Amino acid sequence: MATLMEYFNGDFHSPMINCDRAGSYNINGEIINFTFRVMISMEFSTKSLAFYIHESKDTIDIIGDILNDVGVYINDDSLKIDLKGGHVSDTKVEGLIEKDFKNIFSNRIYFYSETQLDSKQLLRLYDFAAAKGLLITIRSTNYMENRQAYDKPVAFISHDWKDKDKIARPLAEGLSKRLCSVWYDEYSLRVGDSLRESIEKGIREVEKCIVVLTKNYLNNHGWGKYEFDSIFTRERINKEKIIIPIWYGVKKEDIFKYSTSLPDTIALIWPSLKNKDEEQYKKEVEQLISKLHTALTGKSGVDY
């Protein structure tokens, strides 16, 4: 399970530049250290702030001091980064000099606190921040527990690496946008992880396994075959139906040669770009992902 610090490090992604710094306050004679992050949006040329605060009985005082000193963090000269948003093809207005424009502070501040504050303390801080024209979000142990529950993968995506860009990644991103967490190598594997152990753990813990059946997958006698055999073994031992097949560019005869029982399982068909424009293709992909999401969450009569 991820820690609050790991969520602090992973919650803010591109298009952003994140600059981390260390800070400290002397609270009642005790030096309290924390990490603060200046986040600069490359698209909108705005700055936001995030702070990670270790467990402390003085957390509310630390947050209060930070809010009082917010200008110090907004204007930290050591960062030396200014970005102008927009696109390279945007029309430039003569007479305006880009260096005259600075990244604007969004008035948004995130606090990650290892100490869970009570409702009265939170309300007090929200009111204090609002009086300063600031919008704050405080994420603590409750946030971490809710995220851990959400982040538990519902499905495992088994695919050939050659199909990653076209099918596997759009699947993972589309389901994630629908708040359906999946085990997908780019999301779930970390440097140093044992590939075999991670795959087996993923297959063992999810409710369903999405198998992307393409010619690449059927001809993959390495990790792809290992994943499928592990998934099929779980089905057989536990006597449960967990496979949701997605076919692309293959026929029932091809699937039968790979697995005699697999053609009997209802499959979703990944759309082809043939004889259609990009917009229509994307629409059909979204429709497929919606059907898949319904099958995974059980919100309709679809059953696999």
# chains A, B, ... in the order shown; residues from 1 in each chain; ligands from 1
call {"tool": "residues_around", "arguments": {"residues": "stretch 175-182 of chain A", "least_positions_apart": "5", "cutoff": "9 Å", "atoms": "only C-alpha atoms", "output": "number ranges by chain"}}
result
A: 150-157, 170, 187-188, 206, 289-290, 292-293, 296-297
call {"tool": "select_by_dssp", "arguments": {"residues": "stretch 109-162 of chain A", "states": "helix (DSSP H, G or I)", "output": "PyMOL selection string"}}
result
chain A and resi 119-131+141-151+161-162
call {"tool": "write_last_selection", "arguments": {"atoms": "N, CA and C atoms", "output": "CSV table (one decimal), in the first residue's frame"}}
result
chain,number,residue,atom,x,y,z
A,119,SER,N,-12.4,17.9,12.7
A,119,SER,CA,-13.2,18.8,11.9
A,119,SER,C,-13.1,20.2,12.4
A,120,LYS,N,-13.0,20.5,13.7
A,120,LYS,CA,-12.9,21.9,14.2
A,120,LYS,C,-11.6,22.5,13.7
A,121,GLN,N,-10.5,21.7,13.8
A,121,GLN,CA,-9.2,22.2,13.4
A,121,GLN,C,-9.2,22.5,11.9
A,122,LEU,N,-9.8,21.6,11.2
A,122,LEU,CA,-9.8,21.8,9.7
A,122,LEU,C,-10.6,23.1,9.3
A,123,LEU,N,-11.8,23.2,10.0
A,123,LEU,CA,-12.6,24.4,9.7
A,123,LEU,C,-11.9,25.7,10.0
A,124,ARG,N,-11.2,25.7,11.1
A,124,ARG,CA,-10.4,26.8,11.6
A,124,ARG,C,-9.4,27.2,10.5
A,125,LEU,N,-8.7,26.2,10.0
A,125,LEU,CA,-7.6,26.5,9.0
A,125,LEU,C,-8.3,26.9,7.7
A,126,TYR,N,-9.4,26.3,7.3
A,126,TYR,CA,-10.0,26.7,6.0
A,126,TYR,C,-10.5,28.2,6.1
A,127,ASP,N,-11.0,28.6,7.2
A,127,ASP,CA,-11.5,30.0,7.4
A,127,ASP,C,-10.3,30.9,7.4
A,128,PHE,N,-9.2,30.5,8.1
A,128,PHE,CA,-8.0,31.3,8.2
A,128,PHE,C,-7.4,31.5,6.8
A,129,ALA,N,-7.4,30.5,6.0
A,129,ALA,CA,-6.9,30.6,4.6
A,129,ALA,C,-7.8,31.4,3.7
A,130,ALA,N,-9.1,31.2,3.9
A,130,ALA,CA,-10.0,32.0,3.0
A,130,ALA,C,-9.9,33.5,3.3
A,131,ALA,N,-9.7,33.9,4.6
A,131,ALA,CA,-9.5,35.3,4.9
A,131,ALA,C,-8.3,35.9,4.2
A,141,THR,N,-4.4,11.1,6.9
A,141,THR,CA,-4.6,9.6,6.9
A,141,THR,C,-5.9,9.2,6.3
A,142,ASN,N,-7.0,10.0,6.5
A,142,ASN,CA,-8.3,9.6,5.9
A,142,ASN,C,-8.2,9.6,4.3
A,143,TYR,N,-7.5,10.6,3.8
A,143,TYR,CA,-7.2,10.6,2.3
A,143,TYR,C,-6.4,9.4,1.9
A,144,MET,N,-5.4,9.1,2.7
A,144,MET,CA,-4.6,7.9,2.3
A,144,MET,C,-5.4,6.6,2.3
A,145,GLU,N,-6.2,6.4,3.3
A,145,GLU,CA,-7.0,5.2,3.4
A,145,GLU,C,-8.0,5.1,2.3
A,146,ASN,N,-8.6,6.2,1.9
A,146,ASN,CA,-9.6,6.3,0.8
A,146,ASN,C,-8.9,6.0,-0.5
A,147,ARG,N,-7.7,6.6,-0.7
A,147,ARG,CA,-7.0,6.3,-1.9
A,147,ARG,C,-6.5,4.9,-2.0
A,148,GLN,N,-6.1,4.3,-0.9
A,148,GLN,CA,-5.7,2.9,-0.9
A,148,GLN,C,-6.8,2.0,-1.3
A,149,ALA,N,-8.0,2.3,-0.8
A,149,ALA,CA,-9.2,1.5,-1.2
A,149,ALA,C,-9.5,1.7,-2.7
A,150,TYR,N,-9.4,2.9,-3.2
A,150,TYR,CA,-9.6,3.1,-4.6
A,150,TYR,C,-8.5,2.5,-5.5
A,151,ASP,N,-7.3,2.6,-5.0
A,151,ASP,CA,-6.1,2.2,-5.9
A,151,ASP,C,-6.0,0.7,-6.0
A,161,TRP,N,3.7,-6.2,-25.6
A,161,TRP,CA,4.3,-4.9,-25.5
A,161,TRP,C,4.1,-4.1,-26.8
A,162,LYS,N,4.0,-4.9,-27.9
A,162,LYS,CA,3.8,-4.2,-29.2
A,162,LYS,C,2.4,-3.6,-29.4
call {"tool": "atom_distance", "arguments": {"atom1": "atom CA of A:Met39", "atom2": "atom CA of A:Leu4"}}
result
18.2 Å
call {"tool": "closest_residue", "arguments": {"among": "A:Ala168, A:Thr35, A:Val212, A:Leu134", "to": "A:Asn68", "atoms": "only C-alpha atoms"}}
result
A:Leu134
call {"tool": "residues_around", "arguments": {"residues": "A:Asn26", "least_positions_apart": "6", "cutoff": "10 Å", "atoms": "only C-alpha atoms", "output": "list in words"}}
result
Ile32, Asn33 and Ile62 of chain A
call {"tool": "atom_distance", "arguments": {"atom1": "atom CA of A:Ser24", "atom2": "atom CA of A:Asn107"}}
result
21.6 Å
call {"tool": "closest_residue", "arguments": {"among": "A:Asp160, A:Phe256, A:Ser113, A:Gly249", "to": "A:Asp58", "atoms": "only C-alpha atoms"}}
result
A:Ser113
call {"tool": "atom_distance", "arguments": {"atom1": "atom CA of A:Leu262", "atom2": "atom CA of A:Ile203"}}
result
17.6 Å
call {"tool": "select_by_dssp", "arguments": {"residues": "stretch 34-264 of chain A", "states": "strand (DSSP E or B)", "output": "ChimeraX atom specification"}}
result
/A:34-41,46-53,104-113,135-139,155-158,182-183,208-213,243-247
call {"tool": "residues_around", "arguments": {"residues": "A:Thr46", "least_positions_apart": "3", "cutoff": "6 Å", "atoms": "only C-alpha atoms", "output": "ChimeraX atom specification"}}
result
/A:40-41,103-106
call {"tool": "residues_around", "arguments": {"residues": "A:Lys283", "least_positions_apart": "4", "cutoff": "12 Å", "atoms": "only C-alpha atoms", "output": "compact mmCIF listing (two decimals) with all heavy atoms, in the first residue's frame"}}
result
# COMPACT_ATOMS: atom_id res chain seq x y z
N TRP A 270 -11.88 -4.70 -30.44
CA TRP A 270 -11.23 -3.39 -30.55
C TRP A 270 -11.42 -2.85 -31.97
O TRP A 270 -11.22 -3.58 -32.95
CB TRP A 270 -9.74 -3.51 -30.22
CG TRP A 270 -9.07 -2.17 -30.08
CD1 TRP A 270 -8.42 -1.46 -31.05
CD2 TRP A 270 -9.02 -1.38 -28.90
NE1 TRP A 270 -7.96 -0.26 -30.54
CE2 TRP A 270 -8.31 -0.19 -29.22
CE3 TRP A 270 -9.50 -1.55 -27.60
CZ2 TRP A 270 -8.07 0.81 -28.28
CZ3 TRP A 270 -9.26 -0.54 -26.66
CH2 TRP A 270 -8.56 0.62 -27.00
N PRO A 271 -11.85 -1.60 -32.11
CA PRO A 271 -12.15 -1.05 -33.45
C PRO A 271 -10.91 -0.91 -34.33
O PRO A 271 -9.79 -0.81 -33.84
CB PRO A 271 -12.76 0.31 -33.14
CG PRO A 271 -12.22 0.68 -31.79
CD PRO A 271 -12.07 -0.61 -31.04
N SER A 272 -11.14 -0.89 -35.63
CA SER A 272 -10.08 -0.69 -36.61
C SER A 272 -10.20 0.71 -37.20
O SER A 272 -11.31 1.27 -37.28
CB SER A 272 -10.19 -1.73 -37.72
OG SER A 272 -9.32 -1.42 -38.78
N LEU A 273 -9.10 1.28 -37.61
CA LEU A 273 -9.11 2.60 -38.25
C LEU A 273 -9.52 2.53 -39.72
O LEU A 273 -9.75 3.57 -40.35
CB LEU A 273 -7.71 3.23 -38.15
CG LEU A 273 -7.48 4.23 -37.02
CD1 LEU A 273 -6.02 4.59 -36.92
CD2 LEU A 273 -8.34 5.47 -37.19
N LYS A 276 -12.48 4.76 -41.67
CA LYS A 276 -13.08 5.72 -40.74
C LYS A 276 -12.06 6.78 -40.37
O LYS A 276 -10.85 6.55 -40.42
CB LYS A 276 -13.62 5.02 -39.50
CG LYS A 276 -12.58 4.39 -38.61
CD LYS A 276 -13.22 3.58 -37.50
CE LYS A 276 -13.95 2.38 -38.03
NZ LYS A 276 -14.25 1.37 -36.99
N ASP A 277 -12.56 7.95 -39.99
CA ASP A 277 -11.64 9.01 -39.60
C ASP A 277 -11.25 8.87 -38.14
O ASP A 277 -11.79 8.05 -37.40
CB ASP A 277 -12.24 10.40 -39.88
CG ASP A 277 -13.57 10.62 -39.16
OD1 ASP A 277 -13.79 10.01 -38.10
OD2 ASP A 277 -14.40 11.40 -39.67
N GLU A 278 -10.28 9.69 -37.71
CA GLU A 278 -9.74 9.60 -36.35
C GLU A 278 -10.82 9.85 -35.30
O GLU A 278 -10.85 9.19 -34.26
CB GLU A 278 -8.61 10.62 -36.19
CG GLU A 278 -7.86 10.53 -34.87
CD GLU A 278 -6.98 9.30 -34.79
OE1 GLU A 278 -6.61 8.74 -35.84
OE2 GLU A 278 -6.66 8.89 -33.65
N GLU A 279 -11.71 10.80 -35.57
CA GLU A 279 -12.76 11.13 -34.60
C GLU A 279 -13.70 9.96 -34.38
O GLU A 279 -14.06 9.65 -33.24
CB GLU A 279 -13.54 12.35 -35.09
CG GLU A 279 -14.60 12.82 -34.11
CD GLU A 279 -15.31 14.09 -34.57
OE1 GLU A 279 -14.83 14.73 -35.53
OE2 GLU A 279 -16.34 14.43 -33.97
N GLN A 287 -16.50 4.05 -26.57
CA GLN A 287 -17.67 3.19 -26.36
C GLN A 287 -17.25 1.82 -25.84
O GLN A 287 -17.89 1.27 -24.94
CB GLN A 287 -18.44 3.04 -27.68
CG GLN A 287 -19.16 4.31 -28.11
CD GLN A 287 -19.78 4.21 -29.49
OE1 GLN A 287 -19.43 3.32 -30.28
NE2 GLN A 287 -20.71 5.10 -29.80
N LEU A 288 -16.16 1.28 -26.38
CA LEU A 288 -15.66 -0.01 -25.90
C LEU A 288 -15.22 0.08 -24.45
O LEU A 288 -15.53 -0.80 -23.63
CB LEU A 288 -14.51 -0.50 -26.79
CG LEU A 288 -13.92 -1.86 -26.42
CD1 LEU A 288 -13.47 -2.62 -27.67
CD2 LEU A 288 -12.73 -1.73 -25.46
N ILE A 289 -14.48 1.13 -24.11
CA ILE A 289 -13.99 1.28 -22.74
C ILE A 289 -15.17 1.45 -21.78
O ILE A 289 -15.14 0.93 -20.65
CB ILE A 289 -13.01 2.47 -22.64
CG1 ILE A 289 -11.75 2.16 -23.46
CG2 ILE A 289 -12.63 2.74 -21.19
CD1 ILE A 289 -10.78 3.32 -23.55
N SER A 290 -16.21 2.14 -22.22
CA SER A 290 -17.41 2.28 -21.37
C SER A 290 -18.07 0.92 -21.12
O SER A 290 -18.50 0.63 -20.00
CB SER A 290 -18.40 3.24 -22.03
OG SER A 290 -17.90 4.56 -22.05
call {"tool": "decode", "arguments": {"residues": "stretch 197-213 of chain A", "atoms": "all heavy atoms", "output": "mmCIF file, in the first residue's frame"}}
result
data_model
loop_
_atom_site.group_PDB
_atom_site.id
_atom_site.type_symbol
_atom_site.label_atom_id
_atom_site.label_comp_id
_atom_site.auth_asym_id
_atom_site.auth_seq_id
_atom_site.Cartn_x
_atom_site.Cartn_y
_atom_site.Cartn_z
ATOM 1 N N GLU A 197 7.009 -11.951 -9.538
ATOM 2 C CA GLU A 197 6.232 -11.809 -8.308
ATOM 3 C C GLU A 197 5.145 -10.741 -8.458
ATOM 4 O O GLU A 197 4.022 -10.908 -7.960
ATOM 5 C CB GLU A 197 7.163 -11.457 -7.145
ATOM 6 C CG GLU A 197 8.089 -12.598 -6.728
ATOM 7 C CD GLU A 197 9.027 -12.195 -5.604
ATOM 8 O OE1 GLU A 197 8.947 -11.023 -5.160
ATOM 9 O OE2 GLU A 197 9.836 -13.036 -5.174
ATOM 10 N N SER A 198 5.467 -9.643 -9.141
ATOM 11 C CA SER A 198 4.487 -8.563 -9.318
ATOM 12 C C SER A 198 3.327 -9.023 -10.184
ATOM 13 O O SER A 198 2.153 -8.742 -9.889
ATOM 14 C CB SER A 198 5.163 -7.341 -9.946
ATOM 15 O OG SER A 198 6.156 -6.816 -9.095
ATOM 16 N N ILE A 199 3.642 -9.734 -11.269
ATOM 17 C CA ILE A 199 2.593 -10.235 -12.153
ATOM 18 C C ILE A 199 1.703 -11.240 -11.427
ATOM 19 O O ILE A 199 0.469 -11.160 -11.487
ATOM 20 C CB ILE A 199 3.219 -10.873 -13.409
ATOM 21 C CG1 ILE A 199 3.802 -9.784 -14.309
ATOM 22 C CG2 ILE A 199 2.180 -11.694 -14.183
ATOM 23 C CD1 ILE A 199 4.580 -10.314 -15.489
ATOM 24 N N GLU A 200 2.314 -12.160 -10.710
ATOM 25 C CA GLU A 200 1.529 -13.170 -9.997
ATOM 26 C C GLU A 200 0.649 -12.539 -8.924
ATOM 27 O O GLU A 200 -0.505 -12.934 -8.741
ATOM 28 C CB GLU A 200 2.460 -14.216 -9.389
ATOM 29 C CG GLU A 200 3.123 -15.123 -10.425
ATOM 30 C CD GLU A 200 4.045 -16.155 -9.806
ATOM 31 O OE1 GLU A 200 4.277 -16.075 -8.582
ATOM 32 O OE2 GLU A 200 4.513 -17.043 -10.537
ATOM 33 N N LYS A 201 1.192 -11.548 -8.222
ATOM 34 C CA LYS A 201 0.413 -10.860 -7.194
ATOM 35 C C LYS A 201 -0.763 -10.115 -7.828
ATOM 36 O O LYS A 201 -1.888 -10.143 -7.316
ATOM 37 C CB LYS A 201 1.304 -9.870 -6.428
ATOM 38 C CG LYS A 201 0.619 -9.136 -5.280
ATOM 39 C CD LYS A 201 1.634 -8.286 -4.528
ATOM 40 C CE LYS A 201 1.010 -7.646 -3.294
ATOM 41 N NZ LYS A 201 0.017 -6.598 -3.658
ATOM 42 N N GLY A 202 -0.493 -9.461 -8.968
ATOM 43 C CA GLY A 202 -1.555 -8.741 -9.655
ATOM 44 C C GLY A 202 -2.666 -9.656 -10.100
ATOM 45 O O GLY A 202 -3.859 -9.382 -9.879
ATOM 46 N N ILE A 203 -2.314 -10.774 -10.715
ATOM 47 C CA ILE A 203 -3.320 -11.730 -11.192
ATOM 48 C C ILE A 203 -4.090 -12.350 -10.031
ATOM 49 O O ILE A 203 -5.297 -12.574 -10.112
ATOM 50 C CB ILE A 203 -2.644 -12.824 -12.034
ATOM 51 C CG1 ILE A 203 -2.101 -12.225 -13.336
ATOM 52 C CG2 ILE A 203 -3.607 -13.972 -12.333
ATOM 53 C CD1 ILE A 203 -1.261 -13.169 -14.159
ATOM 54 N N ARG A 204 -3.406 -12.581 -8.932
ATOM 55 C CA ARG A 204 -4.024 -13.224 -7.773
ATOM 56 C C ARG A 204 -5.046 -12.316 -7.081
ATOM 57 O O ARG A 204 -6.051 -12.795 -6.558
ATOM 58 C CB ARG A 204 -2.926 -13.635 -6.786
ATOM 59 C CG ARG A 204 -3.393 -14.510 -5.650
ATOM 60 C CD ARG A 204 -2.223 -15.148 -4.934
ATOM 61 N NE ARG A 204 -1.234 -14.168 -4.496
ATOM 62 C CZ ARG A 204 0.011 -14.093 -4.967
ATOM 63 N NH1 ARG A 204 0.416 -14.929 -5.905
ATOM 64 N NH2 ARG A 204 0.854 -13.182 -4.516
ATOM 65 N N GLU A 205 -4.809 -10.997 -7.090
ATOM 66 C CA GLU A 205 -5.607 -10.094 -6.255
ATOM 67 C C GLU A 205 -6.760 -9.401 -6.987
ATOM 68 O O GLU A 205 -7.680 -8.910 -6.340
ATOM 69 C CB GLU A 205 -4.696 -9.039 -5.624
ATOM 70 C CG GLU A 205 -3.704 -9.633 -4.615
ATOM 71 C CD GLU A 205 -2.843 -8.571 -3.950
ATOM 72 O OE1 GLU A 205 -2.896 -7.403 -4.394
ATOM 73 O OE2 GLU A 205 -2.129 -8.919 -2.991
ATOM 74 N N VAL A 206 -6.716 -9.338 -8.317
ATOM 75 C CA VAL A 206 -7.762 -8.611 -9.039
ATOM 76 C C VAL A 206 -9.027 -9.453 -9.174
ATOM 77 O O VAL A 206 -9.016 -10.664 -8.955
ATOM 78 C CB VAL A 206 -7.273 -8.182 -10.442
ATOM 79 C CG1 VAL A 206 -6.104 -7.221 -10.335
ATOM 80 C CG2 VAL A 206 -6.882 -9.396 -11.273
ATOM 81 N N GLU A 207 -10.107 -8.770 -9.545
ATOM 82 C CA GLU A 207 -11.375 -9.463 -9.752
ATOM 83 C C GLU A 207 -11.480 -10.035 -11.162
ATOM 84 O O GLU A 207 -12.073 -11.103 -11.372
ATOM 85 C CB GLU A 207 -12.541 -8.507 -9.495
ATOM 86 C CG GLU A 207 -12.615 -8.000 -8.052
ATOM 87 C CD GLU A 207 -13.733 -6.999 -7.855
ATOM 88 O OE1 GLU A 207 -14.637 -6.953 -8.718
ATOM 89 O OE2 GLU A 207 -13.706 -6.255 -6.863
ATOM 90 N N LYS A 208 -10.949 -9.311 -12.146
ATOM 91 C CA LYS A 208 -11.025 -9.736 -13.538
ATOM 92 C C LYS A 208 -9.667 -9.556 -14.219
ATOM 93 O O LYS A 208 -8.832 -8.767 -13.765
ATOM 94 C CB LYS A 208 -12.069 -8.915 -14.303
ATOM 95 C CG LYS A 208 -13.489 -9.052 -13.793
ATOM 96 C CD LYS A 208 -14.080 -10.415 -14.118
ATOM 97 C CE LYS A 208 -15.547 -10.493 -13.686
ATOM 98 N NZ LYS A 208 -16.149 -11.804 -13.998
ATOM 99 N N CYS A 209 -9.469 -10.267 -15.316
ATOM 100 C CA CYS A 209 -8.251 -10.133 -16.112
ATOM 101 C C CYS A 209 -8.645 -9.817 -17.553
ATOM 102 O O CYS A 209 -9.353 -10.604 -18.205
ATOM 103 C CB CYS A 209 -7.426 -11.410 -16.065
ATOM 104 S SG CYS A 209 -6.669 -11.727 -14.454
ATOM 105 N N ILE A 210 -8.217 -8.669 -18.025
ATOM 106 C CA ILE A 210 -8.468 -8.251 -19.407
ATOM 107 C C ILE A 210 -7.324 -8.791 -20.260
ATOM 108 O O ILE A 210 -6.167 -8.454 -20.037
ATOM 109 C CB ILE A 210 -8.528 -6.719 -19.520
ATOM 110 C CG1 ILE A 210 -9.609 -6.157 -18.586
ATOM 111 C CG2 ILE A 210 -8.763 -6.289 -20.956
ATOM 112 C CD1 ILE A 210 -9.478 -4.667 -18.324
ATOM 113 N N VAL A 211 -7.649 -9.632 -21.225
ATOM 114 C CA VAL A 211 -6.625 -10.232 -22.085
ATOM 115 C C VAL A 211 -6.774 -9.644 -23.488
ATOM 116 O O VAL A 211 -7.808 -9.841 -24.144
ATOM 117 C CB VAL A 211 -6.756 -11.767 -22.128
ATOM 118 C CG1 VAL A 211 -5.645 -12.360 -22.985
ATOM 119 C CG2 VAL A 211 -6.703 -12.344 -20.711
ATOM 120 N N VAL A 212 -5.764 -8.909 -23.922
ATOM 121 C CA VAL A 212 -5.787 -8.249 -25.231
ATOM 122 C C VAL A 212 -5.239 -9.227 -26.263
ATOM 123 O O VAL A 212 -4.031 -9.400 -26.411
ATOM 124 C CB VAL A 212 -4.956 -6.953 -25.211
ATOM 125 C CG1 VAL A 212 -5.028 -6.265 -26.574
ATOM 126 C CG2 VAL A 212 -5.457 -6.005 -24.117
ATOM 127 N N LEU A 213 -6.149 -9.881 -26.977
ATOM 128 C CA LEU A 213 -5.785 -10.946 -27.906
ATOM 129 C C LEU A 213 -5.559 -10.377 -29.313
ATOM 130 O O LEU A 213 -6.509 -10.002 -30.010
ATOM 131 C CB LEU A 213 -6.878 -12.006 -27.931
ATOM 132 C CG LEU A 213 -7.070 -12.746 -26.597
ATOM 133 C CD1 LEU A 213 -8.360 -13.553 -26.608
ATOM 134 C CD2 LEU A 213 -5.871 -13.646 -26.312
#
